[in-house]
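Inspection log for the structure reproduced underneath, given as structure tokens.
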Amino acid sequence: QEERSLARAEFSLSDNDVLISTATTNFALKGVSFLIKALAELPADYHLQVAGGRNPSKYIKLAEELGVAERVRFLGRVEDMPALYGRSDIFVLPSFYDACSNSVLEALACGIPVISSRDNGSSYFLPEEQIIDDPSDYTKLAGMIREVAVKKSGEAFEWPDDVPCGIEPYLELVAEMIG
């Protein structure tokens, strides 16, 4: 808790502020503009940090146009992702497509509640109420963020017992396919 408070203080955030995080190198595909629009629908104590990306200038401009630029921070490449998750209240990836987002799985592993789209394969591991069908519906996304952030119910993710994982199931599948 002390480490979290210190990390948040570095960003001038109190424990009462809500910090939304996302991580991507492709802002358009992963719905960053709609996440910024959702932020504009939320109270002033909600903030957004964006890890990754190549050129945030048009997203900075959007945040300025919506009056939320002071609540959005573009971090560029982040070396210490566990620290990013650790200071976050919620991780949101309103992706228009993702086979299976590693950042969603990482956030879950760190005990951060996650919202993502049905078009993200890792949404398989999310409760139904934390999956958005249309990532461009920023009003609905804002409502979901508010609901999930209020619950603060993040628990460390554990791989489901009934879902095969690792190299063995993959090798079995390959053998089945060629065999």
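Letters A, B, ... go to the chains of the structure tokens in the order shown; residues in each chain start at 1; ligands are counted from 1 in the same order.
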Inset, instruction - Based on DSSP run over this structure's backbone, return all residues of chain A in helix (DSSP H, G or I), as number ranges by chain. - result: A: 2-10, 32-40, 57-65, 69-71, 81-86, 102-109, 121-125, 128-130, 138-151, 167-178
Hey, could you make a per-residue contact list for range 75-172 of chain A against range 46-50 of chain A with 9 Å as the cut-off, showing the nearest pair of atoms and its distance in Å to one decimal, counting only C-alpha atoms, sorted by chain and number, as a tab-separated table?
```
residue	atom	partner	partner_atom	distance
A:Leu75	CA	A:Val50	CA	5.8
A:Gly76	CA	A:Val50	CA	7.5
A:Leu84	CA	A:Gln49	CA	8.6
A:Ser88	CA	A:Gln49	CA	8.7
```
Serialized selection, all heavy atoms, as a PDB file, in the first residue's frame:
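Listing of result_20.pdb after writing:
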```pdb
ATOM      1  N   LEU A  75       2.697   7.957 -21.439  1.00  0.00           N
ATOM      2  CA  LEU A  75       3.958   7.568 -20.816  1.00  0.00           C
ATOM      3  C   LEU A  75       5.010   7.065 -21.795  1.00  0.00           C
ATOM      4  O   LEU A  75       6.169   6.904 -21.411  1.00  0.00           O
ATOM      5  CB  LEU A  75       3.694   6.469 -19.774  1.00  0.00           C
ATOM      6  CG  LEU A  75       2.642   6.793 -18.711  1.00  0.00           C
ATOM      7  CD1 LEU A  75       2.392   5.573 -17.837  1.00  0.00           C
ATOM      8  CD2 LEU A  75       3.062   7.995 -17.883  1.00  0.00           C
ATOM      9  N   GLY A  76       4.611   6.794 -23.035  1.00  0.00           N
ATOM     10  CA  GLY A  76       5.556   6.190 -23.962  1.00  0.00           C
ATOM     11  C   GLY A  76       5.881   4.764 -23.512  1.00  0.00           C
ATOM     12  O   GLY A  76       5.103   4.132 -22.802  1.00  0.00           O
ATOM     13  N   LEU A  84       3.277   0.148 -13.110  1.00  0.00           N
ATOM     14  CA  LEU A  84       2.122   0.787 -13.745  1.00  0.00           C
ATOM     15  C   LEU A  84       0.832   0.147 -13.234  1.00  0.00           C
ATOM     16  O   LEU A  84      -0.090   0.846 -12.815  1.00  0.00           O
ATOM     17  CB  LEU A  84       2.206   0.663 -15.264  1.00  0.00           C
ATOM     18  CG  LEU A  84       1.000   1.217 -16.013  1.00  0.00           C
ATOM     19  CD1 LEU A  84       1.454   2.205 -17.069  1.00  0.00           C
ATOM     20  CD2 LEU A  84       0.196   0.111 -16.661  1.00  0.00           C
ATOM     21  N   SER A  88      -2.425   1.544 -10.436  1.00  0.00           N
ATOM     22  CA  SER A  88      -3.699   1.668 -11.146  1.00  0.00           C
ATOM     23  C   SER A  88      -4.866   1.144 -10.324  1.00  0.00           C
ATOM     24  O   SER A  88      -4.707   0.237  -9.519  1.00  0.00           O
ATOM     25  CB  SER A  88      -3.638   0.865 -12.451  1.00  0.00           C
ATOM     26  OG  SER A  88      -2.556   1.285 -13.233  1.00  0.00           O
TER      27      SER A  88
END
```
Legend entry - Among listed residues A:Glu147, A:Leu173, A:Ser21, A:Asp15, nearest Val104 in chain A (using only C-alpha atoms):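 Smallest separation from Val104 in chain A among the options: A:Ser21.
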Enumerate, in order of chain and increasing residue number, the residues of range 22-42 of chain A with an atom no farther than 12 Å from range 57-64 of chain A, each with its shortest atom pair and distance in Å to one decimal, counting only C-alpha atoms, as a Markdown table.
```
| residue | atom | partner | partner_atom | distance |
| --- | --- | --- | --- | --- |
| A:Asn26 | CA | A:Tyr59 | CA | 11.8 |
| A:Phe27 | CA | A:Tyr59 | CA | 8.4 |
| A:Ala28 | CA | A:Tyr59 | CA | 9.5 |
| A:Gly31 | CA | A:Tyr59 | CA | 10.7 |
| A:Val32 | CA | A:Tyr59 | CA | 7.7 |
| A:Ser33 | CA | A:Tyr59 | CA | 6.4 |
| A:Phe34 | CA | A:Tyr59 | CA | 10.0 |
| A:Leu35 | CA | A:Ala63 | CA | 10.1 |
| A:Ile36 | CA | A:Ala63 | CA | 6.4 |
| A:Lys37 | CA | A:Ala63 | CA | 7.8 |
| A:Ala38 | CA | A:Ala63 | CA | 10.7 |
| A:Leu39 | CA | A:Ala63 | CA | 9.0 |
| A:Ala40 | CA | A:Ala63 | CA | 8.2 |
| A:Glu41 | CA | A:Ala63 | CA | 12.0 |
```
Inset, instruction - In Å, rounded to a single decimal, give me how far CA of Gln130 in chain A is from CA of Val78 in chain A. - result: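 CA of Gln130 in chain A lies at a distance of 25.2 Å from CA of Val78 in chain A.
Interatomic distance, CA of Glu172 in chain A against CA of Tyr97 in chain A: 27.5 Å.
Among the candidates A:Pro56, A:Pro94, A:Pro164, A:Pro113, the one nearest to Arg146 in chain A when counting only C-alpha atoms is A:Pro113.
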